[in-house]
file final-v9.csv (CSV, C-alpha atoms)
chain,number,residue,atom,x,y,z
G,1,MET,CA,-77.9,137.3,-57.8
G,2,LYS,CA,-78.6,133.6,-57.2
G,3,LEU,CA,-76.0,133.4,-54.3
G,4,THR,CA,-77.7,136.4,-52.7
G,5,LEU,CA,-81.0,134.7,-52.9
G,6,ILE,CA,-79.6,131.6,-51.3
G,7,LEU,CA,-78.2,133.5,-48.4
G,8,GLY,CA,-81.3,135.5,-48.0
G,9,CYS,CA,-83.5,132.4,-47.9
G,10,VAL,CA,-81.4,130.9,-45.1
G,11,VAL,CA,-81.6,134.1,-43.1
G,12,VAL,CA,-85.3,134.4,-43.5
G,13,SER,CA,-85.9,130.7,-42.6
G,14,THR,CA,-83.9,131.0,-39.3
G,15,LEU,CA,-85.0,134.5,-38.4
G,16,ALA,CA,-88.0,133.5,-36.3
G,17,ALA,CA,-86.0,131.0,-34.4
G,18,ALA,CA,-83.1,133.4,-33.9
G,19,SER,CA,-85.4,136.2,-32.6
G,20,GLY,CA,-86.4,134.1,-29.6
G,21,HIS,CA,-83.0,132.5,-29.1
G,22,THR,CA,-80.8,133.3,-26.1
G,23,PHE,CA,-77.2,133.3,-27.1
G,24,ASP,CA,-74.4,132.0,-25.0
G,25,SER,CA,-72.9,135.1,-23.3
G,26,THR,CA,-69.6,133.4,-22.7
G,27,LEU,CA,-69.1,133.4,-26.5
G,28,ASP,CA,-69.7,137.1,-26.9
G,29,GLU,CA,-66.0,138.0,-27.2
G,30,ASP,CA,-65.2,135.0,-29.4
G,31,TRP,CA,-68.1,136.1,-31.7
G,32,LYS,CA,-66.8,139.6,-31.9
G,33,ASN,CA,-63.2,138.6,-32.6
G,34,TRP,CA,-64.3,136.1,-35.2
G,35,LYS,CA,-66.4,138.7,-37.1
G,36,SER,CA,-63.4,141.1,-36.9
G,37,LYS,CA,-60.9,138.5,-38.2
G,38,HIS,CA,-63.1,137.6,-41.2
G,39,GLY,CA,-64.5,141.0,-41.9
G,40,LYS,CA,-68.1,140.0,-41.3
G,41,GLN,CA,-70.8,142.7,-41.2
G,42,TYR,CA,-74.5,142.0,-40.9
G,43,THR,CA,-77.8,143.8,-40.5
G,44,GLU,CA,-79.2,143.5,-37.0
G,45,ASP,CA,-81.7,140.8,-38.0
G,46,GLU,CA,-79.1,138.9,-40.0
G,47,GLU,CA,-76.6,139.0,-37.2
G,48,ASN,CA,-79.0,137.1,-35.0
G,49,SER,CA,-79.5,134.3,-37.5
G,50,ARG,CA,-75.8,134.1,-38.3
G,51,ARG,CA,-74.9,134.1,-34.6
G,52,MET,CA,-77.3,131.1,-34.0
G,53,ILE,CA,-75.6,129.2,-36.9
G,54,TRP,CA,-72.1,130.1,-35.6
G,55,GLU,CA,-72.9,128.9,-32.1
G,56,ASP,CA,-74.3,125.6,-33.4
G,57,ASN,CA,-71.0,125.1,-35.4
G,58,MET,CA,-69.0,125.9,-32.2
G,59,ARG,CA,-70.9,123.2,-30.3
G,60,PHE,CA,-70.2,120.8,-33.2
G,61,ILE,CA,-66.5,121.6,-33.1
G,62,GLU,CA,-66.3,121.2,-29.3
G,63,GLN,CA,-68.0,117.8,-29.5
G,64,HIS,CA,-66.0,116.5,-32.4
G,65,ASN,CA,-62.7,117.5,-30.9
G,66,LEU,CA,-63.7,115.9,-27.6
G,67,GLU,CA,-64.3,112.7,-29.5
G,68,TYR,CA,-60.9,113.2,-31.2
G,69,SER,CA,-59.2,113.4,-27.8
G,70,MET,CA,-60.9,110.0,-27.0
G,71,GLY,CA,-59.5,108.5,-30.2
G,72,LYS,CA,-62.8,108.4,-32.1
G,73,HIS,CA,-61.5,110.6,-35.0
G,74,THR,CA,-58.2,111.0,-36.9
G,75,PHE,CA,-58.6,114.7,-37.5
G,76,THR,CA,-59.7,117.9,-35.8
G,77,VAL,CA,-62.1,120.6,-36.8
G,78,GLY,CA,-62.1,124.3,-36.0
G,79,MET,CA,-63.8,127.6,-36.5
G,80,ASN,CA,-63.0,129.2,-39.8
G,81,GLN,CA,-64.6,131.7,-42.3
G,82,PHE,CA,-67.5,129.3,-43.0
G,83,GLY,CA,-68.6,129.2,-39.3
G,84,ASP,CA,-71.7,131.3,-40.0
G,85,MET,CA,-73.0,129.1,-42.8
G,86,THR,CA,-75.2,126.1,-42.6
G,87,ASN,CA,-73.8,123.0,-44.2
G,88,LYS,CA,-76.6,123.1,-46.8
G,89,GLU,CA,-75.8,126.6,-48.0
G,90,PHE,CA,-72.1,125.9,-47.8
G,91,ASN,CA,-72.5,123.1,-50.3
G,92,GLU,CA,-74.7,125.1,-52.6
G,93,ILE,CA,-72.2,128.0,-52.8
G,94,MET,CA,-68.7,126.6,-52.4
G,95,ASN,CA,-68.8,123.1,-54.0
G,96,GLY,CA,-69.0,123.4,-57.8
G,97,PHE,CA,-67.7,120.2,-59.3
G,98,ARG,CA,-70.2,119.1,-61.9
G,99,PRO,CA,-69.2,116.1,-64.0
G,100,VAL,CA,-71.2,115.9,-67.2
G,101,ASP,CA,-70.3,112.4,-68.3
G,102,ALA,CA,-68.9,110.4,-65.5
G,103,ASP,CA,-68.1,107.5,-67.8
G,104,ASN,CA,-65.4,109.5,-69.5
G,105,ALA,CA,-63.4,109.3,-66.3
G,106,ASN,CA,-62.7,105.6,-66.9
G,107,GLU,CA,-61.3,106.0,-70.4
G,108,VAL,CA,-57.7,105.4,-70.9
G,109,ASP,CA,-56.0,108.1,-72.9
G,110,GLU,CA,-53.3,107.4,-75.4
G,111,PHE,CA,-50.9,109.5,-73.3
G,112,ASP,CA,-51.5,107.6,-70.1
G,113,ASP,CA,-50.8,104.0,-71.2
G,114,ASP,CA,-47.9,103.6,-68.8
G,115,ILE,CA,-49.7,105.1,-65.8
G,116,ASN,CA,-52.8,103.1,-66.4
G,117,ASP,CA,-50.9,99.9,-67.2
G,118,GLU,CA,-52.8,97.0,-65.6
G,119,GLU,CA,-49.8,94.7,-66.0
G,120,SER,CA,-47.3,96.8,-64.0
G,121,ASN,CA,-45.5,94.9,-61.3
G,122,GLU,CA,-44.3,98.0,-59.5
G,123,ASP,CA,-45.2,98.6,-55.9
G,124,GLU,CA,-47.3,101.7,-56.4
G,125,ASN,CA,-48.3,101.8,-52.7
G,126,ASN,CA,-44.9,101.8,-51.2
G,127,ASP,CA,-45.5,102.8,-47.6
G,128,LYS,CA,-42.2,104.5,-47.3
G,129,LEU,CA,-42.6,106.7,-50.3
G,130,THR,CA,-43.4,110.3,-49.7
G,131,ILE,CA,-44.1,112.8,-52.4
G,132,ASP,CA,-44.6,116.6,-51.9
G,133,TRP,CA,-44.4,118.6,-55.1
G,134,ARG,CA,-44.5,121.9,-53.2
G,135,LYS,CA,-40.9,121.2,-52.2
G,136,LYS,CA,-39.9,121.0,-55.8
G,137,GLY,CA,-41.5,124.2,-56.9
G,138,PHE,CA,-44.5,122.8,-58.7
G,139,VAL,CA,-47.2,124.5,-56.6
G,140,THR,CA,-48.3,128.1,-56.3
G,141,PRO,CA,-49.6,129.5,-53.0
G,142,VAL,CA,-53.0,128.6,-51.8
G,143,LYS,CA,-55.7,130.7,-53.4
G,144,ASN,CA,-59.3,131.6,-52.4
G,145,GLN,CA,-62.3,131.1,-54.7
G,146,GLY,CA,-64.6,133.2,-52.5
G,147,HIS,CA,-68.3,132.7,-52.6
G,148,CYS,CA,-68.2,131.3,-56.1
G,149,GLY,CA,-68.5,127.6,-57.1
G,150,SER,CA,-65.3,127.8,-59.2
G,151,CYS,CA,-63.3,125.1,-57.5
G,152,TRP,CA,-63.0,123.3,-60.9
G,153,ALA,CA,-61.1,126.3,-62.3
G,154,PHE,CA,-58.7,126.4,-59.4
G,155,SER,CA,-58.1,122.7,-59.7
G,156,ALA,CA,-57.4,123.0,-63.4
G,157,THR,CA,-55.0,126.0,-63.1
G,158,GLY,CA,-53.1,124.2,-60.3
G,159,ALA,CA,-52.5,121.2,-62.5
G,160,ILE,CA,-51.5,123.3,-65.5
G,161,GLU,CA,-49.2,125.4,-63.3
G,162,GLY,CA,-47.4,122.3,-62.2
G,163,GLN,CA,-46.9,120.8,-65.7
G,164,TRP,CA,-45.9,124.2,-67.1
G,165,PHE,CA,-43.2,124.4,-64.4
G,166,GLU,CA,-42.0,120.9,-65.2
G,167,ARG,CA,-41.6,121.8,-68.8
G,168,HIS,CA,-40.4,125.4,-68.6
G,169,LYS,CA,-39.1,125.8,-65.0
G,170,GLN,CA,-41.4,128.8,-64.6
G,171,LEU,CA,-44.0,128.8,-61.9
G,172,ILE,CA,-46.7,131.2,-63.1
G,173,SER,CA,-50.0,131.7,-61.3
G,174,LEU,CA,-52.7,131.2,-63.9
G,175,SER,CA,-56.1,132.9,-64.2
G,176,GLU,CA,-59.1,131.1,-62.8
G,177,GLN,CA,-61.2,134.1,-63.8
G,178,ASN,CA,-60.2,133.5,-67.5
G,179,LEU,CA,-61.7,130.0,-67.1
G,180,VAL,CA,-64.8,131.1,-65.2
G,181,ASP,CA,-65.6,133.7,-67.9
G,182,CYS,CA,-64.6,131.9,-71.1
G,183,SER,CA,-65.2,128.1,-70.7
G,184,GLY,CA,-69.0,128.2,-71.2
G,185,GLN,CA,-69.0,126.8,-74.7
G,186,TYR,CA,-67.2,123.7,-73.3
G,187,GLY,CA,-70.0,123.0,-70.7
G,188,ALA,CA,-68.7,124.9,-67.7
G,189,HIS,CA,-71.0,127.2,-65.7
G,190,GLY,CA,-68.6,129.7,-64.1
G,191,CYS,CA,-69.5,130.2,-60.5
G,192,PHE,CA,-72.2,127.6,-60.7
G,193,GLY,CA,-69.9,124.7,-61.4
G,194,GLY,CA,-67.8,122.9,-64.0
G,195,TRP,CA,-65.4,120.1,-64.6
G,196,MET,CA,-61.6,120.3,-65.0
G,197,SER,CA,-61.7,118.6,-68.4
G,198,GLN,CA,-63.9,121.5,-69.6
G,199,ALA,CA,-61.2,123.9,-68.5
G,200,PHE,CA,-58.5,121.9,-70.3
G,201,GLU,CA,-60.6,121.8,-73.5
G,202,TYR,CA,-60.9,125.6,-73.4
G,203,VAL,CA,-57.2,126.1,-72.9
G,204,ILE,CA,-56.4,123.6,-75.7
G,205,ASN,CA,-58.8,125.1,-78.2
G,206,ASN,CA,-58.1,128.7,-77.2
G,207,HIS,CA,-54.4,128.2,-77.6
G,208,GLY,CA,-53.6,129.3,-74.1
G,209,ILE,CA,-54.6,130.9,-70.8
G,210,ASN,CA,-53.7,134.3,-69.3
G,211,SER,CA,-51.9,134.8,-66.0
G,212,ALA,CA,-53.7,135.7,-62.8
G,213,ALA,CA,-51.7,139.0,-62.8
G,214,ASP,CA,-53.1,139.9,-66.3
G,215,TYR,CA,-56.6,138.6,-65.7
G,216,PRO,CA,-57.4,138.9,-61.9
G,217,TYR,CA,-59.9,136.8,-60.0
G,218,LEU,CA,-63.2,138.5,-59.1
G,219,ALA,CA,-65.2,135.6,-57.7
G,220,SER,CA,-68.1,136.3,-60.0
G,221,ASP,CA,-69.2,135.6,-63.6
G,222,GLN,CA,-68.0,138.2,-66.0
G,223,ALA,CA,-67.8,138.7,-69.8
G,224,CYS,CA,-64.8,136.9,-71.4
G,225,LYS,CA,-61.8,139.2,-71.6
G,226,PHE,CA,-59.1,136.8,-72.7
G,227,MET,CA,-56.0,138.5,-74.1
G,228,PRO,CA,-54.4,136.4,-76.8
G,229,ASN,CA,-51.3,138.6,-76.9
G,230,LYS,CA,-50.7,137.8,-73.2
G,231,THR,CA,-50.8,134.0,-73.2
G,232,ALA,CA,-49.1,132.7,-70.0
G,233,ALA,CA,-49.3,128.9,-70.6
G,234,THR,CA,-50.6,126.4,-73.1
G,235,ILE,CA,-51.4,122.7,-73.1
G,236,ARG,CA,-51.8,120.2,-75.9
G,237,HIS,CA,-53.9,117.5,-74.4
G,238,TYR,CA,-55.1,116.0,-71.1
G,239,ALA,CA,-55.5,112.5,-69.8
G,240,PHE,CA,-57.8,110.7,-67.3
G,241,VAL,CA,-56.4,108.3,-64.7
G,242,ILE,CA,-58.2,105.0,-64.1
G,243,GLY,CA,-60.4,105.5,-61.1
G,244,ARG,CA,-58.3,103.5,-58.5
G,245,GLU,CA,-56.0,104.8,-55.9
G,246,LYS,CA,-52.9,102.9,-57.1
G,247,TYR,CA,-53.1,104.6,-60.5
G,248,LEU,CA,-53.6,108.0,-58.9
G,249,ALA,CA,-50.5,107.4,-56.8
G,250,LYS,CA,-48.5,106.4,-59.9
G,251,ALA,CA,-49.7,109.5,-61.7
G,252,VAL,CA,-48.9,111.9,-58.8
G,253,GLU,CA,-45.4,110.2,-58.4
G,254,ARG,CA,-44.5,110.4,-62.1
G,255,ILE,CA,-46.5,113.5,-63.4
G,256,GLY,CA,-46.8,115.9,-60.5
G,257,PRO,CA,-50.0,117.6,-59.1
G,258,VAL,CA,-53.2,116.0,-60.4
G,259,SER,CA,-56.7,117.4,-60.5
G,260,VAL,CA,-59.2,115.4,-58.5
G,261,ALA,CA,-62.8,115.7,-57.1
G,262,VAL,CA,-64.0,114.7,-53.6
G,263,ASP,CA,-67.2,114.5,-51.6
G,264,ALA,CA,-66.9,117.6,-49.5
G,265,ASN,CA,-70.6,117.5,-48.3
G,266,GLN,CA,-70.0,116.9,-44.6
G,267,ARG,CA,-69.9,119.6,-41.9
G,268,ASP,CA,-66.6,118.1,-40.6
G,269,PHE,CA,-65.1,118.8,-44.1
G,270,GLN,CA,-66.4,122.4,-44.0
G,271,LEU,CA,-64.7,122.9,-40.7
G,272,TYR,CA,-61.7,120.6,-41.1
G,273,HIS,CA,-58.6,121.9,-39.3
G,274,SER,CA,-55.8,119.3,-39.1
G,275,GLY,CA,-55.0,115.6,-39.2
G,276,ILE,CA,-55.9,112.8,-41.6
G,277,TYR,CA,-59.5,113.2,-42.8
G,278,ARG,CA,-61.4,109.9,-42.6
G,279,SER,CA,-65.2,109.8,-42.5
G,280,GLU,CA,-67.7,107.0,-42.6
G,281,LYS,CA,-70.2,109.5,-44.1
G,282,CYS,CA,-67.9,110.5,-47.0
G,283,SER,CA,-69.3,109.0,-50.2
G,284,ARG,CA,-67.0,107.8,-53.0
G,285,HIS,CA,-69.9,108.0,-55.4
G,286,LEU,CA,-70.8,111.7,-55.0
G,287,PRO,CA,-67.8,114.0,-55.4
G,288,ASN,CA,-68.9,117.6,-55.5
G,289,HIS,CA,-65.7,119.6,-54.9
G,290,ALA,CA,-62.6,119.9,-57.1
G,291,MET,CA,-59.1,120.0,-55.6
G,292,LEU,CA,-55.5,119.3,-56.4
G,293,VAL,CA,-53.4,116.3,-55.1
G,294,VAL,CA,-49.9,117.6,-54.6
G,295,GLY,CA,-48.4,114.5,-53.0
G,296,PHE,CA,-48.9,111.7,-50.5
G,297,GLY,CA,-47.2,110.2,-47.5
G,298,GLY,CA,-47.8,108.6,-44.1
G,299,LYS,CA,-47.8,109.3,-40.4
G,300,ASN,CA,-48.1,106.9,-37.5
G,301,ARG,CA,-48.9,104.1,-40.0
G,302,GLN,CA,-51.7,106.1,-41.6
G,303,LYS,CA,-51.3,106.9,-45.2
G,304,TYR,CA,-52.7,110.1,-46.7
G,305,TRP,CA,-53.1,112.2,-49.8
G,306,LEU,CA,-51.8,115.7,-49.5
G,307,VAL,CA,-54.5,117.9,-51.1
G,308,LYS,CA,-54.4,121.6,-52.0
G,309,ASN,CA,-57.8,123.4,-51.6
G,310,SER,CA,-59.0,126.8,-52.9
G,311,TRP,CA,-60.7,128.2,-49.7
G,312,GLY,CA,-57.8,130.3,-48.5
G,313,THR,CA,-55.2,129.7,-45.8
G,314,ASP,CA,-57.8,130.2,-43.0
G,315,TRP,CA,-59.3,126.8,-43.9
G,316,GLY,CA,-57.7,123.5,-42.9
G,317,ASP,CA,-54.0,123.2,-42.4
G,318,GLU,CA,-53.0,126.5,-44.0
G,319,GLY,CA,-55.3,125.7,-46.9
G,320,TYR,CA,-54.4,122.0,-47.2
G,321,ILE,CA,-56.1,118.8,-46.1
G,322,LYS,CA,-54.7,115.3,-45.7
G,323,ILE,CA,-57.3,112.7,-46.9
G,324,ALA,CA,-56.9,109.0,-45.9
G,325,LYS,CA,-55.1,107.1,-48.7
G,326,ASP,CA,-55.7,103.5,-49.6
G,327,ALA,CA,-58.9,103.6,-47.6
G,328,GLN,CA,-61.4,102.3,-50.1
G,329,ASP,CA,-61.1,105.5,-52.2
G,330,MET,CA,-62.0,107.9,-49.4
G,331,CYS,CA,-64.5,110.6,-50.6
G,332,GLY,CA,-64.1,109.3,-54.2
G,333,ILE,CA,-60.7,111.0,-54.5
G,334,ALA,CA,-59.5,108.7,-57.3
G,335,ARG,CA,-62.7,108.6,-59.3
G,336,PHE,CA,-62.3,111.7,-61.5
G,337,ALA,CA,-58.5,112.2,-61.5
G,338,VAL,CA,-57.2,114.0,-64.6
G,339,TYR,CA,-54.1,115.9,-65.6
G,340,PRO,CA,-53.0,118.2,-68.5
G,341,ILE,CA,-50.2,117.5,-70.9
G,342,VAL,CA,-48.0,120.5,-71.9
call {"tool": "encode", "arguments": {"input": "final-v9.csv", "output": "structure tokens"}}
result
Amino acid sequence: MKLTLILGCVVVSTLAAASGHTFDSTLDEDWKNWKSKHGKQYTEDEENSRRMIWEDNMRFIEQHNLEYSMGKHTFTVGMNQFGDMTNKEFNEIMNGFRPVDADNANEVDEFDDDINDEESNEDENNDKLTIDWRKKGFVTPVKNQGHCGSCWAFSATGAIEGQWFERHKQLISLSEQNLVDCSGQYGAHGCFGGWMSQAFEYVINNHGINSAADYPYLASDQACKFMPNKTAATIRHYAFVIGREKYLAKAVERIGPVSVAVDANQRDFQLYHSGIYRSEKCSRHLPNHAMLVVGFGGKNRQKYWLVKNSWGTDWGDEGYIKIAKDAQDMCGIARFAVYPIV
């Protein structure tokens, strides 16, 4: 209901402007094809407001990519399923990372002494080292959270899926809906946000999580329907990583995919298409979107984190983004890193 109200308010607030707006007729066919591709259907009034937002995003894309061609950016943007959303409503609906106690992210857990060892002399930032856990079978296909702020649940399942594969050599797609519906007592708010540690607490105390096949994703808050006789995976603990990139690199190298949170506030993140994301506007202090680091590497002397998102394959590079690595903790990617222990 709340999501509907948010969308409705945006439509009403732009309706007056849209009614007197002359659209770019050269974009008529592009608009029609975009609506068809993404299954968009509107009322007549809503179509006007959405078309206005979409055209504004098209102009933004054109300008950004022109600047990219001039060497001003390290990544491109492109039209995707979020093209008819303002950046404000996009952030309200899609980005649901809600840390309850940020101080916890700096605690060293008993299980992560080696990864968080301040005395380590290893070269954690070896420029030649490339890690991609997808190639080793740790990562399920890109999923889609829909219009639901459940990114935290997708980040959590992705991390558990990787560790379960490491221990049992079975890659099982786990149920985000199970976490959305059932993690409330641990502080999560379903489609209105949560933190990966809350999901891990639920799985530990609940003695497991169902598979996505047994407990399908609906992109909305439902009553808890966990099936204890169909547990697909369990974890026994979880550990935070000290909030610095060298420790995140060590964790990804030694452990596998790691849950993280980033600042995804900017319009160029909403419309990211390819390349290494580096933005002066991206804050390391205000992460609002949970994701999954599945590796890291470098290209043309630029290092990057390889990050799996939960916005479907139409977003980004087939659902992934490369975020600048060792760039003063770009977008706060190292600040809330956490992983489960099977």
call {"tool": "residues_around", "arguments": {"input": "final-v9.csv", "residues": "Pro228 in chain G", "least_positions_apart": "4", "cutoff": "12 Å", "atoms": "only C-alpha atoms", "output": "PyMOL selection string"}}
result
chain G and resi 178+203+206-211+214-215+224+232-234
call {"tool": "closest_residue", "arguments": {"input": "final-v9.csv", "among": "G:Ala251, G:Glu46, G:Asp56, G:Ser175", "to": "Asp24 in chain G", "atoms": "only C-alpha atoms"}}
result
G:Asp56
call {"tool": "atom_distance", "arguments": {"input": "final-v9.csv", "atom1": "CA of Tyr186 in chain G", "atom2": "CA of Val260 in chain G"}}
result
18.8 Å
call {"tool": "closest_residue", "arguments": {"input": "final-v9.csv", "among": "G:Cys182, G:Ile204, G:Val142, G:Cys148", "to": "Leu218 in chain G", "atoms": "only C-alpha atoms"}}
result
G:Cys148
call {"tool": "atom_distance", "arguments": {"input": "final-v9.csv", "atom1": "CA of Gly316 in chain G", "atom2": "CA of Phe82 in chain G"}}
result
11.4 Å
call {"tool": "residues_around", "arguments": {"input": "final-v9.csv", "residues": "range 197-200 of chain G", "least_positions_apart": "3", "cutoff": "9 Å", "atoms": "all atoms listed in the file", "output": "ChimeraX atom specification"}}
result
/G:152-153,156-157,160,179-180,183-188,194,203-205,235-240,338-340
call {"tool": "closest_residue", "arguments": {"input": "final-v9.csv", "among": "G:Met52, G:Ile61, G:Ala219, G:Val294", "to": "Tyr272 in chain G", "atoms": "all atoms listed in the file"}}
result
G:Ile61
call {"tool": "residues_around", "arguments": {"input": "final-v9.csv", "residues": "Val258 in chain G", "least_positions_apart": "5", "cutoff": "12 Å", "atoms": "all atoms listed in the file", "output": "ChimeraX atom specification"}}
result
/G:133,138-139,154-163,196-197,238-241,247-253,290-296,305-308,333-334,336-341
call {"tool": "closest_residue", "arguments": {"input": "final-v9.csv", "among": "G:Gly297, G:Gly193, G:Gly332, G:Gly319", "to": "Thr130 in chain G", "atoms": "only C-alpha atoms"}}
result
G:Gly297
